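Before any comments, here is the structure.
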Protein chains: 2
Amino acid sequence: LDSEYERLPAALQKNLTPQYDFNCAIIDATHDVVCAYKPNMAFYEARGDQGMSELKMTMEYLQEYYPDIFTICDAKRADIGSTNRGYVREIFDWFGFDAITLHPYLGRDALQPFLEREDKTSIILCRTSNPGSDEFQELSVKRSHEQHSLPLWQYVAQQVAEDWDTAHNCMLVVGATYPESLRQVRAVVGDMPLLIPGIGAQGGDLAETLTAGLTDQKDGLVINSSRNIIFSAPSGDEDFAAATHRAATDLHQRISSLRTV
Amino acid sequence: LDSEYERLPAALQKNLTPQYDFNCAIIDATHDVVCAYKPNMAFYEARGDQGMSELKMTMEYLQEYYPDIFTICDAKRADIGSTNRGYVREIFDWFGFDAITLHPYLGRDALQPFLEREDKTSIILCRTSNPGSDEFQELSVKRSHEQHSLPLWQYVAQQVAEDWDTAHNCMLVVGATYPESLRQVRAVVGDMPLLIPGIGAQGGDLAETLTAGLTDQKDGLVINSSRNIIFSAPSGDEDFAAATHRAATDLHQRISSLRTV
């Protein structure tokens, strides 16, 4: 639900609550073929308190009509310990999200207020899909007393799997643009579910992603495709809901057929 | 301006706009002894759209009465390239902040929408003040083709100074709890201004911090002390503005006298 105001159908842009109205139409058109909804906070915060209010209304709509669908707040947060409690209260309690995306840089102790919420899921950035993610994530790292070195993203995966995930409420973000990394992350984290951005617009290949990332039970991936689906209608086409339904169903079917190969 | 609702004076909590009213009183009591105001977004987002609206009102108050004081949005954001444009629009344009704090993990290419705003300042997390910041920041890293290794935080400082700061609009966050790191960051970044959390409640020593971090011109540090100042009045004391003025003036004088030693 990356419902960027500028990309909404022109007719909707004039509504009192354009992002909310758009989201309701998208949700009604896709609820039977998705495993999760993931609004990116940036597109709502861009409209200040009005955007926040429409995101809240969207969450209330989901809670009323589709309460079983997993909701991820793509907020990419992380602050020092006590400060995170503000975000915990906002995102888990006020909005009511099931999960949030988080930066690892500050370490586990800082993220404790998220991790200790055993009823919620913390999704840690590990290997991001952007072209420049190598700058730090691909650095070769080692602990001072160890000889063995590995890329930073792999070290993050290891720390989360071995040390952070005591309540089994962690996931990792691994970009579909790096299938080889995905394969290695899967080897490290066992059955931990992974959130996979980068399919579609960013060029990640679906078949390669599933081969690299599925668990032995052919499970464990949340495949994210947002703008390719919600903005699949040609510009000016007001029947965007039908186009969205087709795009979401198509991806759902491609995933289903590849899983059973 | 970490104006956590639960810690506001009881009388203010009943107001229609408690965080805004508190902030105005704090700003009036401290404007002559501060170099910057730095609200942490978490404490406003914790109250949903109402908190966002009171933060916006606070920024309008600052812009009207104290337009020359530097404003930092402590939001610790960072998303993939295009998505950041939502945050840029929100924080720089809608709120009107002069600066924002950012996570480095995604690399420079992702942060480009912030960096290319030459009229605004990007403040990158380098060595954070929390006790567990060693988990990743103290890892020994090297680029695959190099022999020389260094701690990740130092590598971040180097990248920002040598590669990101082409428009001279970058700063770094270095915790006062690590004065030796601060000394090394200063050696790497030349005259770049640094934002220093961790004085006060977190145990950072002011004299050590200034010795380690000041430039040759005895300048270049933004010393952050928030809760120690804004909540300096004894609980139940409604004359919090006077206590705040004393606490801010005291820190200002300590900094001034240490700078001239």
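Going by the structure tokens order, chains are called A, B, ..., each with residues numbered from 1, while ligands are numbered from 1 in the order shown.
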
For this session: Select all residues from chain B having any atom no more than 8 Å from an atom of chain A (counting only C-alpha atoms, ignoring ligands), output as a ChimeraX atom specification.
Result: /B:42-50,52-53,76-81,83-90,94,103-110,128,130-137,139-144

For this session: Would you mind listing what lies within 10 Å of Arg183 in chain A as a PyMOL selection string, with only C-alpha atoms counted and same-chain residues fewer than 2 positions away left out?
Result: chain A and resi 174+178-181+185-188+208-214

Can you list, as a PDB file with all heavy atoms, in the first residue's frame, every protein, DNA or RNA residue that comes within 6 Å of range 117-122 of chain B when you count only C-alpha atoms, leaving out same-chain residues fewer than 6 positions away?
ATOM      1  N   ASP B  98      15.531  22.074   9.504  1.00  0.00           N
ATOM      2  CA  ASP B  98      16.805  22.348   8.830  1.00  0.00           C
ATOM      3  C   ASP B  98      17.620  21.077   8.630  1.00  0.00           C
ATOM      4  O   ASP B  98      18.514  21.042   7.790  1.00  0.00           O
ATOM      5  CB  ASP B  98      17.658  23.311   9.677  1.00  0.00           C
ATOM      6  CG  ASP B  98      16.995  24.672   9.831  1.00  0.00           C
ATOM      7  OD1 ASP B  98      16.481  25.189   8.818  1.00  0.00           O
ATOM      8  OD2 ASP B  98      16.981  25.197  10.958  1.00  0.00           O
ATOM      9  N   ALA B  99      17.365  20.049   9.439  1.00  0.00           N
ATOM     10  CA  ALA B  99      18.225  18.863   9.427  1.00  0.00           C
ATOM     11  C   ALA B  99      17.446  17.642   9.875  1.00  0.00           C
ATOM     12  O   ALA B  99      16.404  17.756  10.533  1.00  0.00           O
ATOM     13  CB  ALA B  99      19.422  19.076  10.366  1.00  0.00           C
ATOM     14  N   ILE B 100      17.975  16.464   9.524  1.00  0.00           N
ATOM     15  CA  ILE B 100      17.354  15.201   9.929  1.00  0.00           C
ATOM     16  C   ILE B 100      18.454  14.201  10.275  1.00  0.00           C
ATOM     17  O   ILE B 100      19.533  14.227   9.669  1.00  0.00           O
ATOM     18  CB  ILE B 100      16.457  14.650   8.805  1.00  0.00           C
ATOM     19  CG1 ILE B 100      15.773  13.339   9.232  1.00  0.00           C
ATOM     20  CG2 ILE B 100      17.251  14.425   7.508  1.00  0.00           C
ATOM     21  CD1 ILE B 100      14.750  12.832   8.227  1.00  0.00           C
ATOM     22  N   ASN B 169      27.043  19.400   3.477  1.00  0.00           N
ATOM     23  CA  ASN B 169      25.778  19.457   4.223  1.00  0.00           C
ATOM     24  C   ASN B 169      25.577  18.205   5.084  1.00  0.00           C
ATOM     25  O   ASN B 169      24.450  17.854   5.398  1.00  0.00           O
ATOM     26  CB  ASN B 169      24.595  19.666   3.270  1.00  0.00           C
ATOM     27  CG  ASN B 169      24.455  18.514   2.273  1.00  0.00           C
ATOM     28  OD1 ASN B 169      25.378  17.715   2.118  1.00  0.00           O
ATOM     29  ND2 ASN B 169      23.318  18.447   1.599  1.00  0.00           N
ATOM     30  N   CYS B 170      26.694  17.556   5.439  1.00  0.00           N
ATOM     31  CA  CYS B 170      26.600  16.364   6.305  1.00  0.00           C
ATOM     32  C   CYS B 170      27.129  16.664   7.711  1.00  0.00           C
ATOM     33  O   CYS B 170      28.021  17.492   7.889  1.00  0.00           O
ATOM     34  CB  CYS B 170      27.415  15.209   5.724  1.00  0.00           C
ATOM     35  SG  CYS B 170      26.722  14.514   4.215  1.00  0.00           S
TER      36      CYS B 170
END

For this session: DSSP on the backbone, then: every residue of range 50-90 of chain A marked strand (DSSP E or B), written as a PyMOL selection string.
Result: chain A and resi 70-77

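Using only C-alpha atoms, the contacts of range 229-245 of chain B at a cut-off of 7 Å, with sequence neighbours closer than 6 positions omitted, comprise Pro9, Ala25, Ile26, Ala29 and Thr30 of chain B.
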
Spatial neighbours of Ile27 in chain B, 10 Å, only C-alpha atoms, chain gap at least 4 places, as a PDB file with N, CA, C and O atoms, in the first residue's frame:
ATOM      1  N   LEU B   1      13.777  18.706  22.560  1.00  0.00           N
ATOM      2  CA  LEU B   1      12.327  18.748  22.763  1.00  0.00           C
ATOM      3  C   LEU B   1      11.736  17.335  22.735  1.00  0.00           C
ATOM      4  O   LEU B   1      10.839  17.054  21.949  1.00  0.00           O
ATOM      5  N   PHE B  22       3.768  22.809  26.220  1.00  0.00           N
ATOM      6  CA  PHE B  22       5.023  22.554  26.944  1.00  0.00           C
ATOM      7  C   PHE B  22       6.209  23.073  26.124  1.00  0.00           C
ATOM      8  O   PHE B  22       7.078  23.783  26.641  1.00  0.00           O
ATOM      9  N   ASN B  23       6.237  22.744  24.832  1.00  0.00           N
ATOM     10  CA  ASN B  23       7.356  23.156  23.983  1.00  0.00           C
ATOM     11  C   ASN B  23       7.503  24.674  23.932  1.00  0.00           C
ATOM     12  O   ASN B  23       8.617  25.198  23.998  1.00  0.00           O
ATOM     13  N   HIS B  31      15.719  29.828  24.663  1.00  0.00           N
ATOM     14  CA  HIS B  31      16.157  30.249  23.327  1.00  0.00           C
ATOM     15  C   HIS B  31      17.454  31.045  23.332  1.00  0.00           C
ATOM     16  O   HIS B  31      18.186  31.048  22.342  1.00  0.00           O
ATOM     17  N   ASP B  32      17.777  31.708  24.446  1.00  0.00           N
ATOM     18  CA  ASP B  32      18.981  32.544  24.449  1.00  0.00           C
ATOM     19  C   ASP B  32      20.251  31.768  24.786  1.00  0.00           C
ATOM     20  O   ASP B  32      21.342  32.330  24.734  1.00  0.00           O
ATOM     21  N   VAL B  34      20.672  28.219  23.622  1.00  0.00           N
ATOM     22  CA  VAL B  34      20.791  26.989  22.827  1.00  0.00           C
ATOM     23  C   VAL B  34      21.269  27.319  21.410  1.00  0.00           C
ATOM     24  O   VAL B  34      21.102  28.439  20.931  1.00  0.00           O
ATOM     25  N   TYR B  37      17.280  23.236  18.360  1.00  0.00           N
ATOM     26  CA  TYR B  37      16.218  22.424  18.965  1.00  0.00           C
ATOM     27  C   TYR B  37      16.106  21.122  18.191  1.00  0.00           C
ATOM     28  O   TYR B  37      16.163  21.118  16.960  1.00  0.00           O
ATOM     29  N   THR B  58       4.603  23.394  16.848  1.00  0.00           N
ATOM     30  CA  THR B  58       5.864  23.776  17.490  1.00  0.00           C
ATOM     31  C   THR B  58       6.822  24.370  16.455  1.00  0.00           C
ATOM     32  O   THR B  58       7.475  25.392  16.710  1.00  0.00           O
ATOM     33  N   TYR B  61       5.779  27.813  15.560  1.00  0.00           N
ATOM     34  CA  TYR B  61       6.134  28.734  16.644  1.00  0.00           C
ATOM     35  C   TYR B  61       7.605  29.139  16.527  1.00  0.00           C
ATOM     36  O   TYR B  61       7.947  30.332  16.598  1.00  0.00           O
ATOM     37  N   LEU B  62       8.468  28.158  16.308  1.00  0.00           N
ATOM     38  CA  LEU B  62       9.907  28.436  16.149  1.00  0.00           C
ATOM     39  C   LEU B  62      10.149  29.324  14.925  1.00  0.00           C
ATOM     40  O   LEU B  62      10.940  30.271  14.971  1.00  0.00           O
ATOM     41  N   TYR B  65       8.910  32.977  15.867  1.00  0.00           N
ATOM     42  CA  TYR B  65       9.565  33.754  16.922  1.00  0.00           C
ATOM     43  C   TYR B  65      11.079  33.597  16.974  1.00  0.00           C
ATOM     44  O   TYR B  65      11.768  34.508  17.434  1.00  0.00           O
ATOM     45  N   TYR B  66      11.586  32.454  16.561  1.00  0.00           N
ATOM     46  CA  TYR B  66      13.045  32.219  16.654  1.00  0.00           C
ATOM     47  C   TYR B  66      13.554  31.585  15.358  1.00  0.00           C
ATOM     48  O   TYR B  66      14.119  30.486  15.365  1.00  0.00           O
ATOM     49  N   ILE B 230      14.777  19.600  29.961  1.00  0.00           N
ATOM     50  CA  ILE B 230      13.337  19.907  29.907  1.00  0.00           C
ATOM     51  C   ILE B 230      12.569  19.287  31.068  1.00  0.00           C
ATOM     52  O   ILE B 230      11.498  19.769  31.416  1.00  0.00           O
ATOM     53  N   ALA B 241       9.393  26.061  33.910  1.00  0.00           N
ATOM     54  CA  ALA B 241      10.126  26.919  32.988  1.00  0.00           C
ATOM     55  C   ALA B 241      11.359  27.518  33.663  1.00  0.00           C
ATOM     56  O   ALA B 241      12.439  27.588  33.075  1.00  0.00           O
ATOM     57  N   THR B 244      13.990  24.850  34.006  1.00  0.00           N
ATOM     58  CA  THR B 244      14.552  24.571  32.692  1.00  0.00           C
ATOM     59  C   THR B 244      15.548  25.651  32.288  1.00  0.00           C
ATOM     60  O   THR B 244      16.631  25.356  31.762  1.00  0.00           O
ATOM     61  N   HIS B 245      15.189  26.886  32.541  1.00  0.00           N
ATOM     62  CA  HIS B 245      16.094  27.986  32.216  1.00  0.00           C
ATOM     63  C   HIS B 245      17.406  27.838  32.972  1.00  0.00           C
ATOM     64  O   HIS B 245      18.491  28.000  32.408  1.00  0.00           O
TER      65      HIS B 245
END
